[in-house]
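Structure record follows, encoded as structure tokens.
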Amino acid sequence: MYPFKEIEEKWQNYWQQQKMFSVTAQPRRKKYYLLEMFPYPSGKIHMGHVRNYTIGDVIARFKIMQGFCVLHPMGFDAFGQPAENAAIKNKTKPDIWTYKCIDQMRQELKRMGFSYDWTREISTCDVSYYKWNQWIFLKMFERGLAYRKAAEVNWCPSCLTTLANEEVIDEGCWRCGTKVEQKKLEQWFLKITEYKERLLEDLTQLKNWPQRVLTMQTNWIGKSEGVEIYFRLKDTQKTIPVFTTRVDTIFGATYLVLAPQHYLVRELIAGKLQEKEVLKFIEQVTKRTKSVRSSGEMKKEGVFTGSFAINPVNEEAIPIWVADYVLMEYGTGAIMAVPCHDQRDFLFAREYNLPMRIVITPPNSQLTQSPDDLKEAYEGDGIQINSGQFNGLPNQQAKIRIAEWMENTGIGKIKTHWRLRDWLISRQRYWGTPIPIIYCPKCGIVPVPYEDLPVELPKKAHFTGEGGSPLGKIKEFVNVSCPKCKAPSIRETDTMATFFDSSWYFLRFCSPHSDSAPFDTEEVRYWMPIDQYIGGIEHAILHLLYSRFFTKFFQDLKMLDFSEPFQRLLTQGMVLKDGAVMSKSRGNIVDPDSIIKKYGADTLRLFILFAAPPETELEWDDRGIEGAFKFLNRIWRISKNLKEGAPPELIRIMHKTIKKVTEDIEEFKFNTAIASLMEFVNAIYQLGADRQVFSNLLLMLAPFAPHLAEELWESLGNRESIFKSSWPKYNPQQITEEKVTIVIQVNGKVRSKIEVAPDISEERLKELILADEKLKRWIQHKPIKNLIIVPRKLANLVV
RNA sequence: GGGCAAGUGGUGGAAUGGCAUACACGAUGGACUUAAAAUCCAUUGGCCGUAAGGUCGUGAGGGUUCGACUCCCUCCUUGCCCACCA
């Protein structure tokens, strides 16, 4: 067993003392900015971190050996709820708890031997960092991109505090179990919707992002083109606007549905028979928390308002309902229901016995004319029926014609709707960046002047979990004089969502100590954009979208001259155990630290790369790790047993391996790169290696198992770190084959193989095939219909 | 409900139109050892066969092709993300 513990400590200290991975911009050299999503400092790293950061480390070390000037930084996304909750539980302070966790986590990362430039470490909870959050907020405020608006929060009436969605358990408060209510609060929003077109269009630039992330972002932004139709309220001049993407189904609209919060509802029911019932229904619905309302098997519920609307295309009076499946936040908060051609409307109509009408039939099979026979809504394309002057048209054509007709007659208007909402950043919490705003009774909302930044988090807060944000209870913090008129004023006590912090940290890494700006323009010009970003798929939407938004904002401020921060994106798969994601509640966690103690970091790194390709899920197997450990031990033993001169056969294998490993790493196929290293080691074992062959093995091993590679490199007499050497190159002449094996098939089945010169003529090959003894029994007496030859590979005889 | 992945030996996986199961784990047998561990060697998809060999086989069914794990269609299963988006 090789002494991994001593070796790993030795080289980790060496790298640190030599500042091996500290870099400065060197404009004449090619740069490579590699970034992995920084962790929340929970104190312990988990296998997901190990996988993410090992993948990054292999690429970083590989690029270093290829001669790139590599920026590979690490930091901590350190604000957030867990610190505050820990403070409540353990009677400590969020900052003390967080910094302790950071120290622990940094140690664990160092024990993995990652090649970070630790001189660039940042923590988002440092004043020197969050000061710039405030600066950015003020810039956004100046441009009208930060604004205040009322929004609902989860509210615990017992603790008198707001709760995050994940703190609401079964509709109750996680601390006291009291039923959670919805409460409206004035909060801060960022106008990300102003960037919606650019956020959508620029996705086409991201050629090296996984397709599924691009799709998810596209869906999230959710551009949909349709028509806003104006339904007149019966017996009045009032209109109800309704948005639809299926204007072709307008003749099948048999009722309208309003969201419970719709502004017209109360007016509609005033003095009607249904008033009481509707009000009761609305009360019921609004009490429900958002998480319940959107939780899946929700039954669609609704009530009739007693009012009717006029369908503008056929003057039909149709009933108006209120139902919980229509959302105030999307479209106009009202829909036209077409039960025959929308499954949700179909279910609702069946439930409440509402009328239905088929207006589109599938082109070939005649859809039954009676809606009673329908088992589900028909949402596909077809021919218009029951649609007045549009009968007989294919529905896609009708869509355009009806829309134009509506525009001309003023019945409706062609409109584009977006799913993307503005971004709510206010949190009624302590452990976050204070929003730099002051409320003056005379001047109103007043931004904190730039020269007064930072607004520091006061140290003396108390953490009880009750009575709202701890900041609000600190008089010295809250009571200030207005920066404009000096009148006694109140400070904003909300802090920013932590996604704000992580939306620009990658820029900060370029000049982490800059105290005159969030980042230094010259440094950013050299390092950005990020060449490779690596992280979990769970951040496919929000974090990446917000970072893209910030980048575009900085571009508008002329602080950046590009619009997309991440050129390439790699989303690594989850680490599973027994077929399920590792989690505390499942009790299937494998602690990386215990593996390091038993086998060392090199083994852990090697196994996690070998067990699966980076993008797929990885099933953890305690036995598999033994294999990686054995492999490293094998190399250790070989190093003690080198020979003079290596057989030419081994030299050829070496060149082939260099080619394969280089190509595989470039395509992030680490598992097969390691497999070919194993094959190479097996060949060395059999044939016996000399120093030159073994040196090349070490060079290729170095990104994967850097400690062992360094140690053995030194034992060969090298004075400098292996990472000062360049990546080995293969000699193309050494990998050309003298002979190639041609597989011969008869009717697609392998029947024989022959060895021939690579440049053999087709005619000569044909002669050889027809002369082949083994083939005789398969082609006897049968006429040869065809012979397909794939050069250097295969021949297929069709008989 | 929508979107996106994935489905291959006992297990993790390899092969992206051309020899299915590379590499590794596990298992079995053997060598070394007083013994064990470690190490080394051999075997290891199913079925038929003493063997040579044959035959079936990549979730299921169909299609394209000289040839399909790979491409197309339908379905099933699992995972992930999002979710009443009109």
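Ligands are numbered from 1 in the order shown, chains are lettered A, B, ... in the order of the structure tokens, and residues start at 1 in each chain.
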In region 324-371 of chain A, DSSP strand (DSSP E) residues written as number ranges by chain: A: 334-337, 360-361
Quick one: everything within 10 Å of U44 (chain B), counting only C-alpha atoms (C1' of nucleotides), minus sequence neighbours fewer than 3 positions away in the same chain. Send it as a PDB file with N, CA and C atoms (P, O5', C5', C4', C3', O3' and C1' of nucleotides), in the first residue's frame.
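Contents of result24.pdb, as written:
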```pdb
ATOM      1  P     G B   9     -28.291  -5.727 -19.319  1.00  0.00           P
ATOM      2  O5'   G B   9     -26.751  -6.121 -19.107  1.00  0.00           O
ATOM      3  C5'   G B   9     -26.409  -6.805 -17.950  1.00  0.00           C
ATOM      4  C4'   G B   9     -25.980  -8.219 -18.293  1.00  0.00           C
ATOM      5  C3'   G B   9     -25.546  -9.000 -17.058  1.00  0.00           C
ATOM      6  O3'   G B   9     -25.889 -10.372 -17.233  1.00  0.00           O
ATOM      7  C1'   G B   9     -23.756  -8.866 -18.584  1.00  0.00           C
ATOM      8  P     A B  27     -16.358 -11.127  -4.359  1.00  0.00           P
ATOM      9  O5'   A B  27     -16.913 -12.248  -5.357  1.00  0.00           O
ATOM     10  C5'   A B  27     -18.244 -12.735  -5.234  1.00  0.00           C
ATOM     11  C4'   A B  27     -18.531 -13.716  -6.344  1.00  0.00           C
ATOM     12  C3'   A B  27     -17.575 -14.910  -6.399  1.00  0.00           C
ATOM     13  O3'   A B  27     -17.948 -15.900  -5.469  1.00  0.00           O
ATOM     14  C1'   A B  27     -17.831 -14.004  -8.564  1.00  0.00           C
ATOM     15  P     U B  28     -16.806 -16.755  -4.762  1.00  0.00           P
ATOM     16  O5'   U B  28     -16.374 -17.764  -5.917  1.00  0.00           O
ATOM     17  C5'   U B  28     -17.313 -18.722  -6.418  1.00  0.00           C
ATOM     18  C4'   U B  28     -16.719 -19.426  -7.607  1.00  0.00           C
ATOM     19  C3'   U B  28     -15.332 -20.018  -7.381  1.00  0.00           C
ATOM     20  O3'   U B  28     -15.375 -21.252  -6.683  1.00  0.00           O
ATOM     21  C1'   U B  28     -15.358 -18.849  -9.435  1.00  0.00           C
TER      22        U B  28
END
```
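Counting only C-alpha atoms (C1' of nucleotides) and comparing B:G30, B:G79, B:G46, B:G7, the residue that lies closest to chain A is B:G79.
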All alpha helix (DSSP H) residues (DSSP, backbone) inside region 514-580 of chain A, as a list in words: Thr521, Glu522, Glu523, Val524, Arg525, Tyr526, Trp527, Leu542, His543, Leu544, Leu545, Tyr546, Ser547, Arg548, Phe549, Phe550, Thr551, Lys552, Phe553, Phe554, Gln555 and Asp556 of chain A
For those residues, write C-alpha atoms to a file as a CSV table (one decimal), in the first residue's frame.
```
chain,number,residue,atom,x,y,z
A,521,THR,CA,-12.1,46.7,-16.2
A,522,GLU,CA,-8.6,45.8,-17.4
A,523,GLU,CA,-8.5,42.5,-15.5
A,524,VAL,CA,-12.0,41.6,-16.7
A,525,ARG,CA,-11.0,42.4,-20.3
A,526,TYR,CA,-8.2,39.8,-20.1
A,527,TRP,CA,-9.9,37.1,-18.1
A,542,LEU,CA,-32.3,30.9,-12.0
A,543,HIS,CA,-28.6,31.4,-11.3
A,544,LEU,CA,-27.6,31.2,-14.9
A,545,LEU,CA,-30.4,33.6,-16.0
A,546,TYR,CA,-29.6,36.1,-13.3
A,547,SER,CA,-25.9,36.0,-14.1
A,548,ARG,CA,-26.7,36.6,-17.8
A,549,PHE,CA,-29.0,39.5,-16.8
A,550,PHE,CA,-26.3,41.1,-14.6
A,551,THR,CA,-23.8,40.8,-17.4
A,552,LYS,CA,-26.1,42.5,-19.9
A,553,PHE,CA,-26.7,45.3,-17.3
A,554,PHE,CA,-22.9,45.8,-16.9
A,555,GLN,CA,-22.6,45.9,-20.6
A,556,ASP,CA,-25.2,48.7,-20.7
```
Spatial neighbours of C25 (chain B), 10 Å, only C-alpha atoms (C1' of nucleotides), chain gap at least 5 places, as a list in words: Asp621, Asp622, Arg623, Gly624, Ile625, Glu626, Gly627 and Ala628 of chain A; U11 and G12 of chain B
Emit the selected residues as a tab-separated table (two decimals), in the first residue's frame, including N, CA, C and O atoms (P, O5', C5', C4', C3', O3' and C1' of nucleotides).
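Below you can see result.tsv, which holds the result:
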```tsv
chain	number	residue	atom	x	y	z
A	621	ASP	N	-20.45	3.35	-5.41
A	621	ASP	CA	-20.26	1.94	-5.06
A	621	ASP	C	-18.99	1.84	-4.22
A	621	ASP	O	-17.90	2.09	-4.70
A	622	ASP	N	-19.15	1.46	-2.96
A	622	ASP	CA	-18.00	1.37	-2.05
A	622	ASP	C	-16.94	0.40	-2.58
A	622	ASP	O	-15.77	0.57	-2.33
A	623	ARG	N	-17.38	-0.61	-3.33
A	623	ARG	CA	-16.42	-1.60	-3.82
A	623	ARG	C	-15.63	-1.05	-5.00
A	623	ARG	O	-14.48	-1.39	-5.19
A	624	GLY	N	-16.31	-0.23	-5.80
A	624	GLY	CA	-15.65	0.32	-6.98
A	624	GLY	C	-14.41	1.12	-6.61
A	624	GLY	O	-13.43	1.16	-7.35
A	625	ILE	N	-14.46	1.76	-5.46
A	625	ILE	CA	-13.34	2.62	-5.08
A	625	ILE	C	-12.08	1.80	-4.84
A	625	ILE	O	-10.97	2.28	-5.05
A	626	GLU	N	-12.25	0.54	-4.45
A	626	GLU	CA	-11.08	-0.34	-4.27
A	626	GLU	C	-10.31	-0.47	-5.58
A	626	GLU	O	-9.08	-0.57	-5.58
A	627	GLY	N	-11.04	-0.51	-6.69
A	627	GLY	CA	-10.41	-0.66	-7.99
A	627	GLY	C	-9.48	0.50	-8.30
A	627	GLY	O	-8.36	0.32	-8.78
A	628	ALA	N	-9.95	1.71	-7.99
A	628	ALA	CA	-9.13	2.90	-8.23
A	628	ALA	C	-7.88	2.85	-7.34
A	628	ALA	O	-6.78	3.18	-7.78
B	11	U	P	-26.95	-6.58	-13.38
B	11	U	O5'	-25.89	-5.81	-12.49
B	11	U	C5'	-26.27	-5.23	-11.25
B	11	U	C4'	-25.13	-4.36	-10.76
B	11	U	C3'	-24.71	-3.25	-11.72
B	11	U	O3'	-25.56	-2.13	-11.63
B	11	U	C1'	-22.79	-4.37	-10.96
B	12	G	P	-25.69	-1.15	-12.89
B	12	G	O5'	-24.34	-0.30	-12.82
B	12	G	C5'	-24.12	0.59	-11.74
B	12	G	C4'	-22.80	1.29	-11.93
B	12	G	C3'	-22.61	1.94	-13.28
B	12	G	O3'	-23.30	3.17	-13.36
B	12	G	C1'	-20.66	0.74	-12.74
```
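Applying a distance limit of 8 Å to only C-alpha atoms (C1' of nucleotides), the residues of chain B near chain A read G3, C4, G12, G13, A14, G18, C19, C23, A24, C25, C66, G67, C81, A83, C84, C85 and A86 of chain B.
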How about saving the chosen residues, N, CA, C and O atoms (P, O5', C5', C4', C3', O3' and C1' of nucleotides) kept, as a CSV table (one decimal), in the first residue's frame?
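So the final result, stored in part_32.csv, reads:
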```csv
chain,number,residue,atom,x,y,z
B,3,G,P,-44.0,18.2,-24.0
B,3,G,O5',-42.6,18.7,-23.5
B,3,G,C5',-42.2,20.0,-23.8
B,3,G,C4',-40.9,20.3,-23.1
B,3,G,C3',-39.8,19.3,-23.2
B,3,G,O3',-39.1,19.5,-24.4
B,3,G,C1',-40.0,19.8,-20.9
B,4,C,P,-38.4,18.3,-25.2
B,4,C,O5',-37.2,17.9,-24.2
B,4,C,C5',-36.1,18.9,-24.0
B,4,C,C4',-35.2,18.4,-22.9
B,4,C,C3',-34.6,17.0,-23.1
B,4,C,O3',-33.5,17.1,-24.0
B,4,C,C1',-35.4,17.2,-20.9
B,12,G,P,-25.7,-1.1,-12.9
B,12,G,O5',-24.3,-0.3,-12.8
B,12,G,C5',-24.1,0.6,-11.7
B,12,G,C4',-22.8,1.3,-11.9
B,12,G,C3',-22.6,1.9,-13.3
B,12,G,O3',-23.3,3.2,-13.4
B,12,G,C1',-20.7,0.7,-12.7
B,13,G,P,-23.8,3.7,-14.7
B,13,G,O5',-22.4,4.0,-15.5
B,13,G,C5',-22.3,4.0,-16.9
B,13,G,C4',-20.9,3.6,-17.2
B,13,G,C3',-20.6,3.5,-18.7
B,13,G,O3',-20.0,4.7,-19.2
B,13,G,C1',-20.1,1.4,-17.6
B,14,A,P,-20.1,5.1,-20.7
B,14,A,O5',-19.3,4.0,-21.5
B,14,A,C5',-17.9,4.1,-21.4
B,14,A,C4',-17.3,3.1,-22.4
B,14,A,C3',-17.7,3.3,-23.9
B,14,A,O3',-17.0,4.4,-24.4
B,14,A,C1',-17.6,1.0,-23.3
B,18,G,P,-20.7,2.6,-36.3
B,18,G,O5',-20.3,1.2,-36.8
B,18,G,C5',-21.1,0.1,-36.6
B,18,G,C4',-20.5,-1.2,-37.2
B,18,G,C3',-19.0,-1.2,-37.1
B,18,G,O3',-18.7,-2.6,-36.8
B,18,G,C1',-19.7,-1.4,-39.3
B,19,C,P,-18.7,-3.1,-35.3
B,19,C,O5',-18.0,-4.5,-35.6
B,19,C,C5',-18.7,-5.5,-36.3
B,19,C,C4',-18.4,-6.8,-35.6
B,19,C,C3',-18.6,-6.8,-34.1
B,19,C,O3',-19.1,-8.1,-33.7
B,19,C,C1',-16.4,-7.3,-34.6
B,23,C,P,-10.3,-4.9,-21.5
B,23,C,O5',-10.4,-3.7,-20.4
B,23,C,C5',-9.5,-2.6,-20.5
B,23,C,C4',-9.9,-1.5,-19.5
B,23,C,C3',-10.2,-2.1,-18.1
B,23,C,O3',-9.0,-2.3,-17.3
B,23,C,C1',-12.0,-0.7,-18.7
B,24,A,P,-8.9,-3.4,-16.3
B,24,A,O5',-9.9,-3.0,-15.2
B,24,A,C5',-9.7,-2.0,-14.3
B,24,A,C4',-10.9,-1.7,-13.5
B,24,A,C3',-11.5,-2.7,-12.6
B,24,A,O3',-10.7,-2.9,-11.4
B,24,A,C1',-13.2,-1.7,-13.8
B,25,C,P,-10.7,-4.2,-10.6
B,25,C,O5',-12.2,-4.3,-10.0
B,25,C,C5',-12.6,-3.3,-9.0
B,25,C,C4',-14.0,-3.5,-8.7
B,25,C,C3',-14.5,-4.8,-8.1
B,25,C,O3',-14.1,-4.9,-6.8
B,25,C,C1',-16.0,-4.1,-9.8
B,66,C,P,-30.0,-1.4,-48.9
B,66,C,O5',-29.3,-2.6,-48.2
B,66,C,C5',-29.3,-3.9,-48.7
B,66,C,C4',-28.3,-4.8,-48.1
B,66,C,C3',-28.2,-4.6,-46.5
B,66,C,O3',-29.2,-5.5,-45.9
B,66,C,C1',-26.1,-4.4,-47.4
B,67,G,P,-30.0,-4.9,-44.7
B,67,G,O5',-28.9,-4.7,-43.6
B,67,G,C5',-28.3,-5.8,-43.0
B,67,G,C4',-27.2,-5.4,-42.1
B,67,G,C3',-27.6,-4.4,-41.0
B,67,G,O3',-28.1,-5.1,-39.9
B,67,G,C1',-25.6,-3.7,-42.1
B,81,C,P,-34.6,17.8,-9.3
B,81,C,O5',-35.1,18.9,-10.4
B,81,C,C5',-34.1,19.8,-10.9
B,81,C,C4',-34.7,20.5,-12.1
B,81,C,C3',-36.0,21.2,-11.9
B,81,C,O3',-35.8,22.5,-11.3
B,81,C,C1',-36.2,20.0,-13.9
B,83,A,P,-41.9,26.1,-11.0
B,83,A,O5',-43.2,25.5,-11.5
B,83,A,C5',-44.0,26.2,-12.4
B,83,A,C4',-45.0,25.3,-13.1
B,83,A,C3',-46.3,25.0,-12.4
B,83,A,O3',-47.2,26.1,-12.6
B,83,A,C1',-45.5,23.0,-13.3
B,84,C,P,-48.5,26.2,-11.8
B,84,C,O5',-49.7,26.0,-12.9
B,84,C,C5',-49.6,24.9,-13.8
B,84,C,C4',-50.9,24.6,-14.5
B,84,C,C3',-51.6,25.8,-15.1
B,84,C,O3',-52.1,25.5,-16.4
B,84,C,C1',-53.0,24.8,-13.6
B,85,C,P,-51.1,25.2,-17.7
B,85,C,O5',-50.7,26.7,-18.0
B,85,C,C5',-51.6,27.5,-18.8
B,85,C,C4',-50.7,28.5,-19.6
B,85,C,C3',-49.5,27.9,-20.2
B,85,C,O3',-49.4,27.9,-21.6
B,85,C,C1',-48.9,29.7,-18.7
B,86,A,P,-49.7,28.7,-22.7
B,86,A,O5',-51.2,28.6,-22.9
B,86,A,C5',-51.9,29.7,-23.6
B,86,A,C4',-53.3,29.6,-23.3
B,86,A,C3',-54.1,30.9,-23.6
B,86,A,O3',-54.4,31.0,-25.0
B,86,A,C1',-54.7,30.1,-21.5
```
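Shortest atom-to-atom contact with Thr254 (chain A) among A:Gly177, A:Pro441, A:Pro355, A:Pro157: A:Pro355, counting only C-alpha atoms.
CA of Ile595 (chain A) is found 20.2 Å from C1' of G26 (chain B).
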Residues within 9 Å of region 78-88 of chain A, only C-alpha atoms (C1' of nucleotides), excluding chain neighbours under 2 positions, as a PyMOL selection string: chain A and resi 39-42+75-76+90-99+102+123-126+429-433+462-465+497-498+501
May I have the selected residues written with N, CA, C and O atoms, as a CSV table (one decimal), in the first residue's frame?
```csv
chain,number,residue,atom,x,y,z
A,39,PRO,N,-19.6,27.0,-3.5
A,39,PRO,CA,-20.5,26.3,-2.6
A,39,PRO,C,-21.1,27.2,-1.5
A,39,PRO,O,-20.5,28.3,-1.2
A,40,TYR,N,-22.2,26.8,-1.0
A,40,TYR,CA,-22.7,27.4,0.2
A,40,TYR,C,-21.9,26.7,1.3
A,40,TYR,O,-21.8,25.5,1.4
A,41,PRO,N,-21.3,27.5,2.3
A,41,PRO,CA,-20.4,26.9,3.3
A,41,PRO,C,-21.2,26.2,4.4
A,41,PRO,O,-21.3,26.8,5.5
A,42,SER,N,-21.6,25.0,4.2
A,42,SER,CA,-22.4,24.3,5.2
A,42,SER,C,-21.4,23.7,6.2
A,42,SER,O,-21.8,23.2,7.2
A,75,GLY,N,-14.5,30.4,-3.9
A,75,GLY,CA,-15.0,31.3,-2.9
A,75,GLY,C,-16.2,30.7,-2.2
A,75,GLY,O,-16.5,29.5,-2.4
A,76,PHE,N,-16.9,31.5,-1.5
A,76,PHE,CA,-18.0,30.9,-0.7
A,76,PHE,C,-19.3,31.8,-0.8
A,76,PHE,O,-19.2,33.0,-0.7
A,90,ASN,N,-28.4,27.4,18.1
A,90,ASN,CA,-27.2,27.2,18.9
A,90,ASN,C,-26.8,28.4,19.7
A,90,ASN,O,-25.6,28.4,20.2
A,91,LYS,N,-27.6,29.4,19.7
A,91,LYS,CA,-27.3,30.6,20.4
A,91,LYS,C,-25.9,31.2,20.1
A,91,LYS,O,-25.1,31.5,20.9
A,92,THR,N,-25.7,31.2,18.8
A,92,THR,CA,-24.4,31.8,18.3
A,92,THR,C,-24.8,32.9,17.3
A,92,THR,O,-25.9,33.3,17.3
A,93,LYS,N,-23.8,33.5,16.6
A,93,LYS,CA,-24.1,34.6,15.6
A,93,LYS,C,-23.9,34.0,14.2
A,93,LYS,O,-23.0,33.2,14.0
A,94,PRO,N,-24.7,34.5,13.3
A,94,PRO,CA,-24.5,34.0,11.9
A,94,PRO,C,-23.1,34.2,11.4
A,94,PRO,O,-22.6,33.3,10.7
A,95,ASP,N,-22.4,35.3,11.7
A,95,ASP,CA,-21.1,35.5,11.1
A,95,ASP,C,-20.1,34.5,11.7
A,95,ASP,O,-19.3,33.9,11.0
A,96,ILE,N,-20.2,34.3,13.1
A,96,ILE,CA,-19.3,33.4,13.7
A,96,ILE,C,-19.4,32.0,13.1
A,96,ILE,O,-18.5,31.3,12.7
A,97,TRP,N,-20.7,31.5,13.0
A,97,TRP,CA,-21.0,30.2,12.5
A,97,TRP,C,-20.5,30.1,11.1
A,97,TRP,O,-19.9,29.1,10.7
A,98,THR,N,-20.8,31.1,10.2
A,98,THR,CA,-20.4,31.0,8.8
A,98,THR,C,-18.9,31.0,8.6
A,98,THR,O,-18.4,30.1,7.9
A,99,TYR,N,-18.2,31.8,9.3
A,99,TYR,CA,-16.7,31.8,9.1
A,99,TYR,C,-16.1,30.5,9.6
A,99,TYR,O,-15.1,30.1,9.1
A,102,ILE,N,-16.7,28.1,6.9
A,102,ILE,CA,-15.8,28.4,5.7
A,102,ILE,C,-14.4,27.8,6.0
A,102,ILE,O,-13.8,27.2,5.1
A,123,SER,N,-15.6,35.7,0.0
A,123,SER,CA,-16.8,35.3,0.7
A,123,SER,C,-17.9,36.4,0.5
A,123,SER,O,-17.6,37.5,0.8
A,124,THR,N,-19.1,36.0,0.1
A,124,THR,CA,-20.0,37.1,-0.2
A,124,THR,C,-20.5,37.8,1.0
A,124,THR,O,-21.1,38.9,0.9
A,125,CYS,N,-20.2,37.2,2.2
A,125,CYS,CA,-20.7,37.9,3.4
A,125,CYS,C,-19.6,38.9,4.0
A,125,CYS,O,-19.9,39.6,5.0
A,126,ASP,N,-18.5,39.0,3.3
A,126,ASP,CA,-17.5,40.0,3.7
A,126,ASP,C,-18.0,41.4,3.2
A,126,ASP,O,-18.6,41.5,2.1
A,429,ARG,N,-34.9,39.2,6.4
A,429,ARG,CA,-33.9,38.4,7.1
A,429,ARG,C,-32.7,39.3,7.5
A,429,ARG,O,-32.6,40.4,7.0
A,430,TYR,N,-31.9,38.7,8.4
A,430,TYR,CA,-30.7,39.5,8.8
A,430,TYR,C,-29.5,39.1,7.9
A,430,TYR,O,-28.8,40.0,7.5
A,431,TRP,N,-29.3,37.9,7.7
A,431,TRP,CA,-28.0,37.4,7.1
A,431,TRP,C,-28.0,37.6,5.6
A,431,TRP,O,-28.2,36.6,4.9
A,432,GLY,N,-27.9,38.8,5.2
A,432,GLY,CA,-27.8,39.1,3.7
A,432,GLY,C,-27.4,40.5,3.6
A,432,GLY,O,-27.1,41.2,4.5
A,433,THR,N,-27.3,41.0,2.3
A,433,THR,CA,-26.8,42.3,2.1
A,433,THR,C,-27.9,43.3,2.4
A,433,THR,O,-29.0,43.3,1.8
A,462,HIS,N,-30.0,40.2,17.7
A,462,HIS,CA,-30.4,39.0,18.5
A,462,HIS,C,-31.2,38.1,17.6
A,462,HIS,O,-32.0,38.6,16.8
A,463,PHE,N,-31.1,36.8,17.8
A,463,PHE,CA,-31.7,35.9,17.0
A,463,PHE,C,-32.7,35.0,17.7
A,463,PHE,O,-32.2,34.1,18.5
A,464,THR,N,-33.9,35.2,17.6
A,464,THR,CA,-34.9,34.4,18.3
A,464,THR,C,-35.8,33.7,17.3
A,464,THR,O,-36.5,32.7,17.7
A,465,GLY,N,-35.9,34.1,16.1
A,465,GLY,CA,-36.8,33.5,15.1
A,465,GLY,C,-38.2,34.1,15.2
A,465,GLY,O,-39.1,33.6,14.5
A,497,ALA,N,-31.9,38.9,-1.6
A,497,ALA,CA,-31.8,37.4,-1.8
A,497,ALA,C,-30.4,37.1,-2.2
A,497,ALA,O,-29.7,37.9,-2.8
A,498,THR,N,-30.0,35.9,-1.8
A,498,THR,CA,-28.6,35.6,-2.1
A,498,THR,C,-28.2,35.3,-3.5
A,498,THR,O,-27.1,35.3,-3.9
A,501,ASP,N,-26.0,37.9,-4.9
A,501,ASP,CA,-24.6,37.8,-4.6
A,501,ASP,C,-23.9,37.0,-5.7
A,501,ASP,O,-22.8,37.3,-6.1
```
